[in-house]
Every structure is written in structure tokens, then in C-alpha cells.
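Peer 1: Before anything else, here's the structure in question.
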Amino acid sequence: LGGSDFIGNAVLNTLAESSQFKITVLQPKKKVQLSEQNKNVQIINSSLGNIDFKRIIPSPDIIIHTEKNDSSRYGNIGRQIKALKSRIENKRLLKKIKRLDHPAKIIYFSTCLMYGDHKEPVNELSKLDPISNAKEYILTEHLFIKEIEKGNNNIVILRFPWIIGNGSWFKLFYTGYMNVYKTVPVYGQGNNKMMFIDIRSLSSIVFKLCNITFSGILNIPSSNFITQLEWAILLSELSGFPVTKMNRKNFGKLSKAASEALESNIYLSTVYDDMQRKIGNEQTDLRFVVKQYLALMLKNK
């Protein structure tokens, strides 16, 4: 579910590279992008709430749920409406999953923004204090949290740091800006801490998680942990562009949700150290990862 979005598409192609899984992907509107060697994937054109599991034979053993309603263009009221629609669709989805002929494991993708702006480490037992778009996402996520609390052992909720890859926030707030203005932006003072994971590492973790028994909430922390200013300096060193602190006139053009996220402190930890070893949560060097993506995403580089 969500195989056409940034995260879902990366996970989909990683899973499809293995002959272990028979894969079906939901395609609501945006076309699912598959690499040439991954064409043996069943694609169903359907919205999330209207999915018909009778079309999937045999019925799924694992459901990977990365789909999020894109509400960024609709303003505050529009985002709330989209969030309510998402909650209704996911409530309907959960009912359909419960009627399957055998229990299906659900891996639900959350966000580190569920914990809010935190300067101290937060783990799976920490109180939620959603910020930015997580204020809308929590309406749907509560459905899955309640299932866990009721003893449903077939649900995993993943929370992870900022994902680096060819798309999403990295393209929107950094490489896209760098291509146009030939400078690396710093949002706010730049003192907030940021944590990063490569989309390829996250996809690999999900692949391994499909073969491991676990239920509940699982954070995916990273050793790649620096301030936003240090992050901008790294991008500057690798791109050759100078660092520029955004003035409030330009910074103010960002949505409140975007500025809240970019200025927040992301500091994930975990109470499941053994699980981190099982899923192979071993991070690659941040400079090495960023250099690879900049070569793909920056013009004339």
C-alpha cells in the first residue's frame, strides 16, 4: 500500500528483487515505478479504502503500509479534511484485513515527528507529541496503536529519522533549492539536531523485518546525528555551494508544518537493541551517502 510514493516505491523494488515474495501493489492514481528486472509484480488500480482482497490470490501474509494522503497543498482546513478521510479509509481497511482467511502482518510506516521536538532521546515508550504533518497523520495512526493496545500481535509501527534519497524532503527543501539558487539553505538558527537514514538502508531493514517475528512499535535510530547547520556545511563541502541562512522573508514562504519540521530536534533511540541487530540496522557513512545522491540530483554536477 503506497508503492507509488517515495518510501513505498523504494521498499517495493527492494522486495521485488527477491524471489522470496509474490508481490501485489496498490496503485490509486500515481503510477507505480518498477525497475526493469521487477516486472513480475501484480498491480491493482484501487484506492486504499476500496481495495478488494478477493483480487489478491492467495490472500496476503504481509501488508506493508507506506501510504499517506498528500495534504500539503490544501492549507490547514484541507489537511484536516484529508486526515479525516484517511482515518475513514484505514478504519475500513482494518476491518477488511480482519476478515481475511488468515491473519496478515501489517508493517505501518509512521514518522519520527510523532514524538515532537525533543532534545533528549525518545524511545518506543516515550509520550507522543505530534508536530508538523504528524498532527494529521496521528488520526490514522491511532487506529493501529489501539489495535496493538488491544493485543493484536500482527501490527508493527515503524518510526524512523529523516530519510535521504532521490526525492521527498531532501529534494524539496535542499537539492531543489540548491539547483535554483546555487546555495545551501539553513532554516532558522540551525542549532536543532537532525538524524538521517539512507532510503536503501530502510528498505533493507523492512525486507529483513518481513522474516522476523515482532509486534508493536519499533524505532529505527541512526548514528548519523548532527545539527542542521553541520548538515548544511556537509552539503556545502560536497556541492561547492555556500551556506546561506534563510531570512524570515524567504523562510516565511514555507508552510508552518514544513518550518516546524525543519527546525525540530530529531533524536530517536530504542528499547529494542536486540531487534536492531536482527534487522541489520547498521548505518553507512553519511558523507558517502549524500555524495552519491548529490551526484544524481544536482544539475551540472
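Here, A, B, ... name the chains of the C-alpha cells in the order displayed, residue numbers run from 1 inside each chain, and ligands are numbered from 1 in the same displayed order.
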For A:Glu124, please output as a ChimeraX atom specification all residues within 10 Å (counting only C-alpha atoms; exclusion window: fewer than 5 positions along the same chain).
Peer 2: /A:115,157-159,216-220,268-272
Peer 1: Which residues in stretch 34-202 of chain A does DSSP call strand (DSSP E)? List them as a list in words.
Peer 2: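 Filtering stretch 34-202 of chain A down to strand (DSSP E) leaves Gln42, Ile43, Ile44, Ile62, Ile63, Ile64, His65, Lys105, Ile106, Ile107, Tyr108, Phe109, Ile155, Val156, Ile157, Leu158, Arg159, Trp162, Ile163, Ile164, Val184, Pro185, Val186, Lys193, Met194, Met195, Phe196, Ile197 and Asp198 of chain A.
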Peer 1: Using only C-alpha atoms, which residues sit within 8 Å of stretch 175-183 of chain A once same-chain residues fewer than 5 positions away are excluded, as a list in words?
Peer 2: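 Answer for this query is Phe170, Ser236, Phe241, Pro242, Val243, Thr244, Leu294, Met297, Leu298 and Lys299 of chain A.
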Peer 1: Filtering to all heavy atoms, could you give me those residues as a PDB file, in the first residue's frame?
Peer 2:
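After the write, again.pdb holds the following:
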ATOM      1  N   PHE A 170      14.320  15.885   0.959  1.00  0.00           N
ATOM      2  CA  PHE A 170      15.692  16.187   0.562  1.00  0.00           C
ATOM      3  C   PHE A 170      15.712  16.950  -0.770  1.00  0.00           C
ATOM      4  O   PHE A 170      16.471  17.902  -0.961  1.00  0.00           O
ATOM      5  CB  PHE A 170      16.490  14.883   0.458  1.00  0.00           C
ATOM      6  CG  PHE A 170      17.958  15.072   0.189  1.00  0.00           C
ATOM      7  CD1 PHE A 170      18.680  16.064   0.832  1.00  0.00           C
ATOM      8  CD2 PHE A 170      18.620  14.239  -0.701  1.00  0.00           C
ATOM      9  CE1 PHE A 170      20.040  16.237   0.580  1.00  0.00           C
ATOM     10  CE2 PHE A 170      19.975  14.400  -0.957  1.00  0.00           C
ATOM     11  CZ  PHE A 170      20.680  15.407  -0.316  1.00  0.00           C
ATOM     12  N   SER A 236      27.428  21.791   1.625  1.00  0.00           N
ATOM     13  CA  SER A 236      28.256  22.836   1.010  1.00  0.00           C
ATOM     14  C   SER A 236      29.601  22.269   0.572  1.00  0.00           C
ATOM     15  O   SER A 236      30.083  22.546  -0.538  1.00  0.00           O
ATOM     16  CB  SER A 236      28.454  23.987   1.999  1.00  0.00           C
ATOM     17  OG  SER A 236      29.337  24.947   1.495  1.00  0.00           O
ATOM     18  N   PHE A 241      28.651  24.803  -3.093  1.00  0.00           N
ATOM     19  CA  PHE A 241      27.780  25.961  -2.910  1.00  0.00           C
ATOM     20  C   PHE A 241      27.954  26.536  -1.508  1.00  0.00           C
ATOM     21  O   PHE A 241      28.158  25.783  -0.546  1.00  0.00           O
ATOM     22  CB  PHE A 241      26.320  25.582  -3.112  1.00  0.00           C
ATOM     23  CG  PHE A 241      25.978  25.118  -4.506  1.00  0.00           C
ATOM     24  CD1 PHE A 241      24.974  24.176  -4.714  1.00  0.00           C
ATOM     25  CD2 PHE A 241      26.650  25.615  -5.614  1.00  0.00           C
ATOM     26  CE1 PHE A 241      24.649  23.743  -5.990  1.00  0.00           C
ATOM     27  CE2 PHE A 241      26.330  25.189  -6.899  1.00  0.00           C
ATOM     28  CZ  PHE A 241      25.325  24.252  -7.086  1.00  0.00           C
ATOM     29  N   PRO A 242      27.844  27.846  -1.332  1.00  0.00           N
ATOM     30  CA  PRO A 242      27.949  28.438   0.009  1.00  0.00           C
ATOM     31  C   PRO A 242      26.702  28.173   0.844  1.00  0.00           C
ATOM     32  O   PRO A 242      25.634  27.854   0.303  1.00  0.00           O
ATOM     33  CB  PRO A 242      28.091  29.936  -0.286  1.00  0.00           C
ATOM     34  CG  PRO A 242      27.360  30.119  -1.585  1.00  0.00           C
ATOM     35  CD  PRO A 242      27.641  28.873  -2.378  1.00  0.00           C
ATOM     36  N   VAL A 243      26.867  28.294   2.139  1.00  0.00           N
ATOM     37  CA  VAL A 243      25.741  28.152   3.064  1.00  0.00           C
ATOM     38  C   VAL A 243      25.089  29.520   3.266  1.00  0.00           C
ATOM     39  O   VAL A 243      25.772  30.522   3.457  1.00  0.00           O
ATOM     40  CB  VAL A 243      26.214  27.600   4.432  1.00  0.00           C
ATOM     41  CG1 VAL A 243      25.080  27.621   5.451  1.00  0.00           C
ATOM     42  CG2 VAL A 243      26.765  26.192   4.257  1.00  0.00           C
ATOM     43  N   THR A 244      23.765  29.560   3.226  1.00  0.00           N
ATOM     44  CA  THR A 244      23.028  30.805   3.421  1.00  0.00           C
ATOM     45  C   THR A 244      21.908  30.591   4.433  1.00  0.00           C
ATOM     46  O   THR A 244      21.086  29.688   4.245  1.00  0.00           O
ATOM     47  CB  THR A 244      22.411  31.311   2.102  1.00  0.00           C
ATOM     48  OG1 THR A 244      23.437  31.508   1.137  1.00  0.00           O
ATOM     49  CG2 THR A 244      21.669  32.623   2.334  1.00  0.00           C
ATOM     50  N   LEU A 294      23.803  13.528  -4.290  1.00  0.00           N
ATOM     51  CA  LEU A 294      24.052  14.836  -4.901  1.00  0.00           C
ATOM     52  C   LEU A 294      24.494  14.680  -6.347  1.00  0.00           C
ATOM     53  O   LEU A 294      24.137  15.484  -7.217  1.00  0.00           O
ATOM     54  CB  LEU A 294      25.107  15.612  -4.108  1.00  0.00           C
ATOM     55  CG  LEU A 294      24.682  16.156  -2.740  1.00  0.00           C
ATOM     56  CD1 LEU A 294      25.823  16.956  -2.116  1.00  0.00           C
ATOM     57  CD2 LEU A 294      23.428  17.012  -2.832  1.00  0.00           C
ATOM     58  N   MET A 297      21.275  14.256  -8.202  1.00  0.00           N
ATOM     59  CA  MET A 297      20.217  15.244  -8.070  1.00  0.00           C
ATOM     60  C   MET A 297      20.604  16.669  -8.417  1.00  0.00           C
ATOM     61  O   MET A 297      19.736  17.493  -8.721  1.00  0.00           O
ATOM     62  CB  MET A 297      19.665  15.185  -6.643  1.00  0.00           C
ATOM     63  CG  MET A 297      19.093  13.814  -6.286  1.00  0.00           C
ATOM     64  SD  MET A 297      18.706  13.617  -4.530  1.00  0.00           S
ATOM     65  CE  MET A 297      17.233  14.637  -4.411  1.00  0.00           C
ATOM     66  N   LEU A 298      21.892  16.995  -8.365  1.00  0.00           N
ATOM     67  CA  LEU A 298      22.307  18.361  -8.685  1.00  0.00           C
ATOM     68  C   LEU A 298      22.615  18.483 -10.170  1.00  0.00           C
ATOM     69  O   LEU A 298      23.255  17.608 -10.757  1.00  0.00           O
ATOM     70  CB  LEU A 298      23.538  18.764  -7.867  1.00  0.00           C
ATOM     71  CG  LEU A 298      23.333  18.974  -6.366  1.00  0.00           C
ATOM     72  CD1 LEU A 298      24.616  19.507  -5.743  1.00  0.00           C
ATOM     73  CD2 LEU A 298      22.173  19.927  -6.078  1.00  0.00           C
ATOM     74  N   LYS A 299      22.179  19.553 -10.766  1.00  0.00           N
ATOM     75  CA  LYS A 299      22.450  19.800 -12.167  1.00  0.00           C
ATOM     76  C   LYS A 299      23.907  20.206 -12.366  1.00  0.00           C
ATOM     77  O   LYS A 299      24.483  20.908 -11.528  1.00  0.00           O
ATOM     78  CB  LYS A 299      21.536  20.909 -12.704  1.00  0.00           C
ATOM     79  CG  LYS A 299      20.054  20.582 -12.607  1.00  0.00           C
ATOM     80  CD  LYS A 299      19.208  21.779 -13.021  1.00  0.00           C
ATOM     81  CE  LYS A 299      17.731  21.466 -12.859  1.00  0.00           C
ATOM     82  NZ  LYS A 299      16.890  22.655 -13.183  1.00  0.00           N
TER      83      LYS A 299
END
Peer 1: Could you check the closest approach to A:Leu128 for each of A:Ser86, A:Thr66, A:Ser110, A:Gln27 and tell me which residue wins, using only C-alpha atoms?
Peer 2: A:Ser110
Peer 1: Extract the full set of alpha helix (DSSP H) residues from stretch 97-188 of chain A according to DSSP on the backbone, and format it as a ChimeraX atom specification.
Peer 2: /A:97-98,134-149,168-169,176-181
Peer 1: Export, as a JSON list (two decimals), in the first residue's frame, the selected residues with N, CA, C and O atoms.
Peer 2:
[["chain", "number", "residue", "atom", "x", "y", "z"],
["A", 97, "ILE", "N", -9.05, -6.42, 6.56],
["A", 97, "ILE", "CA", -7.91, -7.29, 6.89],
["A", 97, "ILE", "C", -8.30, -8.33, 7.93],
["A", 97, "ILE", "O", -7.88, -9.49, 7.85],
["A", 98, "LYS", "N", -9.13, -7.94, 8.89],
["A", 98, "LYS", "CA", -9.57, -8.87, 9.93],
["A", 98, "LYS", "C", -10.45, -9.99, 9.36],
["A", 98, "LYS", "O", -10.58, -11.04, 9.99],
["A", 134, "ALA", "N", 2.54, 15.36, 11.23],
["A", 134, "ALA", "CA", 2.17, 14.27, 12.14],
["A", 134, "ALA", "C", 0.90, 14.59, 12.91],
["A", 134, "ALA", "O", 0.21, 13.69, 13.41],
["A", 135, "LYS", "N", 0.56, 15.88, 13.02],
["A", 135, "LYS", "CA", -0.68, 16.27, 13.69],
["A", 135, "LYS", "C", -1.89, 15.72, 12.94],
["A", 135, "LYS", "O", -2.92, 15.45, 13.56],
["A", 136, "GLU", "N", -1.77, 15.59, 11.63],
["A", 136, "GLU", "CA", -2.84, 14.97, 10.84],
["A", 136, "GLU", "C", -2.68, 13.45, 10.79],
["A", 136, "GLU", "O", -3.66, 12.71, 10.90],
["A", 137, "TYR", "N", -1.45, 12.99, 10.61],
["A", 137, "TYR", "CA", -1.21, 11.56, 10.48],
["A", 137, "TYR", "C", -1.65, 10.78, 11.73],
["A", 137, "TYR", "O", -2.02, 9.61, 11.64],
["A", 138, "ILE", "N", -1.58, 11.42, 12.89],
["A", 138, "ILE", "CA", -1.90, 10.72, 14.14],
["A", 138, "ILE", "C", -3.35, 10.23, 14.17],
["A", 138, "ILE", "O", -3.66, 9.22, 14.82],
["A", 139, "LEU", "N", -4.25, 10.90, 13.44],
["A", 139, "LEU", "CA", -5.65, 10.49, 13.41],
["A", 139, "LEU", "C", -5.78, 9.07, 12.86],
["A", 139, "LEU", "O", -6.58, 8.27, 13.34],
["A", 140, "THR", "N", -4.98, 8.76, 11.84],
["A", 140, "THR", "CA", -4.97, 7.40, 11.30],
["A", 140, "THR", "C", -4.14, 6.46, 12.16],
["A", 140, "THR", "O", -4.56, 5.33, 12.45],
["A", 141, "GLU", "N", -3.00, 6.92, 12.60],
["A", 141, "GLU", "CA", -2.10, 6.04, 13.35],
["A", 141, "GLU", "C", -2.73, 5.55, 14.66],
["A", 141, "GLU", "O", -2.45, 4.44, 15.11],
["A", 142, "HIS", "N", -3.61, 6.36, 15.24],
["A", 142, "HIS", "CA", -4.29, 5.95, 16.47],
["A", 142, "HIS", "C", -5.04, 4.63, 16.28],
["A", 142, "HIS", "O", -5.15, 3.83, 17.22],
["A", 143, "LEU", "N", -5.55, 4.40, 15.08],
["A", 143, "LEU", "CA", -6.27, 3.15, 14.80],
["A", 143, "LEU", "C", -5.35, 1.95, 15.00],
["A", 143, "LEU", "O", -5.75, 0.93, 15.58],
["A", 144, "PHE", "N", -4.11, 2.07, 14.52],
["A", 144, "PHE", "CA", -3.16, 0.97, 14.61],
["A", 144, "PHE", "C", -2.59, 0.85, 16.02],
["A", 144, "PHE", "O", -2.32, -0.26, 16.50],
["A", 145, "ILE", "N", -2.40, 1.98, 16.68],
["A", 145, "ILE", "CA", -1.94, 1.96, 18.07],
["A", 145, "ILE", "C", -2.97, 1.25, 18.96],
["A", 145, "ILE", "O", -2.61, 0.42, 19.81],
["A", 146, "LYS", "N", -4.24, 1.55, 18.75],
["A", 146, "LYS", "CA", -5.30, 0.92, 19.54],
["A", 146, "LYS", "C", -5.35, -0.59, 19.31],
["A", 146, "LYS", "O", -5.62, -1.36, 20.23],
["A", 147, "GLU", "N", -5.09, -1.01, 18.07],
["A", 147, "GLU", "CA", -5.06, -2.45, 17.78],
["A", 147, "GLU", "C", -3.94, -3.13, 18.57],
["A", 147, "GLU", "O", -4.13, -4.23, 19.11],
["A", 148, "ILE", "N", -2.78, -2.48, 18.64],
["A", 148, "ILE", "CA", -1.67, -3.03, 19.43],
["A", 148, "ILE", "C", -2.06, -3.11, 20.90],
["A", 148, "ILE", "O", -1.80, -4.11, 21.58],
["A", 149, "GLU", "N", -2.68, -2.04, 21.40],
["A", 149, "GLU", "CA", -3.09, -2.00, 22.81],
["A", 149, "GLU", "C", -4.13, -3.06, 23.13],
["A", 149, "GLU", "O", -4.20, -3.55, 24.27],
["A", 168, "SER", "N", 11.42, 13.36, -2.10],
["A", 168, "SER", "CA", 10.85, 13.77, -0.82],
["A", 168, "SER", "C", 11.44, 15.08, -0.31],
["A", 168, "SER", "O", 11.77, 15.98, -1.07],
["A", 169, "TRP", "N", 11.59, 15.21, 1.03],
["A", 169, "TRP", "CA", 12.04, 16.45, 1.67],
["A", 169, "TRP", "C", 13.43, 16.86, 1.21],
["A", 169, "TRP", "O", 13.73, 18.04, 1.07],
["A", 176, "GLY", "N", 16.56, 20.78, -4.58],
["A", 176, "GLY", "CA", 15.76, 21.63, -5.46],
["A", 176, "GLY", "C", 16.14, 23.09, -5.29],
["A", 176, "GLY", "O", 16.30, 23.83, -6.28],
["A", 177, "TYR", "N", 16.30, 23.51, -4.03],
["A", 177, "TYR", "CA", 16.70, 24.89, -3.73],
["A", 177, "TYR", "C", 18.12, 25.16, -4.23],
["A", 177, "TYR", "O", 18.41, 26.21, -4.81],
["A", 178, "MET", "N", 18.99, 24.19, -4.02],
["A", 178, "MET", "CA", 20.39, 24.35, -4.42],
["A", 178, "MET", "C", 20.52, 24.48, -5.94],
["A", 178, "MET", "O", 21.34, 25.24, -6.44],
["A", 179, "ASN", "N", 19.72, 23.73, -6.67],
["A", 179, "ASN", "CA", 19.76, 23.82, -8.13],
["A", 179, "ASN", "C", 19.34, 25.19, -8.64],
["A", 179, "ASN", "O", 19.87, 25.68, -9.65],
["A", 180, "VAL", "N", 18.39, 25.80, -7.97],
["A", 180, "VAL", "CA", 17.86, 27.10, -8.42],
["A", 180, "VAL", "C", 18.74, 28.26, -7.95],
["A", 180, "VAL", "O", 19.11, 29.15, -8.73],
["A", 181, "TYR", "N", 19.13, 28.26, -6.66],
["A", 181, "TYR", "CA", 19.79, 29.43, -6.06],
["A", 181, "TYR", "C", 21.30, 29.26, -5.86],
["A", 181, "TYR", "O", 21.97, 30.19, -5.43]]
Peer 1: Could you list, as a list in words, every residue within 10 Å of A:Lys193, counting only C-alpha atoms and ignoring same-chain residues fewer than 3 positions away?
Peer 2: Asp117, His118, Lys119, Gly190, Phe225, Ile226, Thr227, Gln228, Leu229, Glu230, Trp231, Leu262, Glu263, Ser264, Asn265, Ile266 and Tyr267 of chain A
Peer 1: Measuring between only C-alpha atoms, which one of A:Ile51, A:Leu26, A:Ile212, A:Ile164 shows the shortest distance to A:Arg200?
Peer 2: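 Smallest distance to A:Arg200 is found for A:Ile164.
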Peer 1: Taking into account only C-alpha atoms, which residue in the set A:Asn133, A:Gln33, A:Gln20, A:Thr14 is nearest to A:Lys68?
Peer 2: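 Counting only C-alpha atoms, the residue closest to A:Lys68 is A:Asn133.
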Peer 1: Here is a test: counting only C-alpha atoms, which residue of A:Leu235, A:Cys210, A:Ile63, A:Val184 is nearest to A:Leu93?
Peer 2: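 Between A:Leu235, A:Cys210, A:Ile63, A:Val184, the residue approaching A:Leu93 most closely is A:Ile63.
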Peer 1: To one decimal place, how far is atom CA of A:Val25 from atom CA of A:Thr213 in Å?
Peer 2: 22.8 Å
Peer 1: Need the shell around A:Asn211: protein/DNA/RNA residues with any atom at most 10 Å away, counting only C-alpha atoms. Skip same-chain ones fewer than 4 positions apart. Format as a list in words?
Peer 2: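 After dropping sequence-adjacent residues, the list is Ile62, Val206, Phe207 and Ile279 of chain A.
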Peer 1: Create the file for the chosen residues now, containing all heavy atoms and written as a compact mmCIF listing (two decimals), in the first residue's frame.
Peer 2:
# COMPACT_ATOMS: atom_id res chain seq x y z
N ILE A 62 1.65 -10.56 4.45
CA ILE A 62 2.26 -9.33 4.97
C ILE A 62 1.69 -8.14 4.18
O ILE A 62 1.64 -8.18 2.95
CB ILE A 62 3.80 -9.35 4.84
CG1 ILE A 62 4.38 -10.55 5.58
CG2 ILE A 62 4.40 -8.05 5.39
CD1 ILE A 62 5.87 -10.76 5.31
N VAL A 206 13.28 -3.24 6.20
CA VAL A 206 11.91 -3.73 6.02
C VAL A 206 11.92 -5.14 5.45
O VAL A 206 11.14 -6.00 5.87
CB VAL A 206 11.11 -2.78 5.12
CG1 VAL A 206 9.72 -3.35 4.83
CG2 VAL A 206 10.98 -1.41 5.77
N PHE A 207 12.81 -5.39 4.50
CA PHE A 207 12.93 -6.73 3.92
C PHE A 207 13.21 -7.75 5.02
O PHE A 207 12.57 -8.81 5.08
CB PHE A 207 14.06 -6.73 2.88
CG PHE A 207 14.30 -8.08 2.26
CD1 PHE A 207 13.60 -8.48 1.14
CD2 PHE A 207 15.25 -8.95 2.80
CE1 PHE A 207 13.83 -9.73 0.56
CE2 PHE A 207 15.48 -10.19 2.24
CZ PHE A 207 14.77 -10.58 1.12
N ILE A 279 17.60 -6.83 12.50
CA ILE A 279 17.19 -6.21 11.24
C ILE A 279 18.37 -5.58 10.49
O ILE A 279 18.20 -5.01 9.42
CB ILE A 279 16.09 -5.15 11.46
CG1 ILE A 279 16.59 -4.03 12.38
CG2 ILE A 279 14.83 -5.79 12.01
CD1 ILE A 279 15.57 -2.92 12.60
Peer 1: Using only C-alpha atoms, pick whichever of A:Gly240, A:Ala261, A:Phe196, A:Ile88 has the shortest atom-to-atom distance to A:Met114.
Peer 2: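 Of A:Gly240, A:Ala261, A:Phe196, A:Ile88, the one nearest A:Met114, counting only C-alpha atoms, is A:Ala261.
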Peer 1: What is the atom CA of A:Pro28 to atom CA of A:Ile155 distance in Å?
Peer 2: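 Separation between atom CA of A:Pro28 and atom CA of A:Ile155: 23.1 Å.
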Peer 1: Between atom CA of A:Val156 and atom CA of A:Phe214, what is the distance, to one decimal in Å?
Peer 2: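 Value for the atom CA of A:Val156-atom CA of A:Phe214 distance: 7.1 Å.
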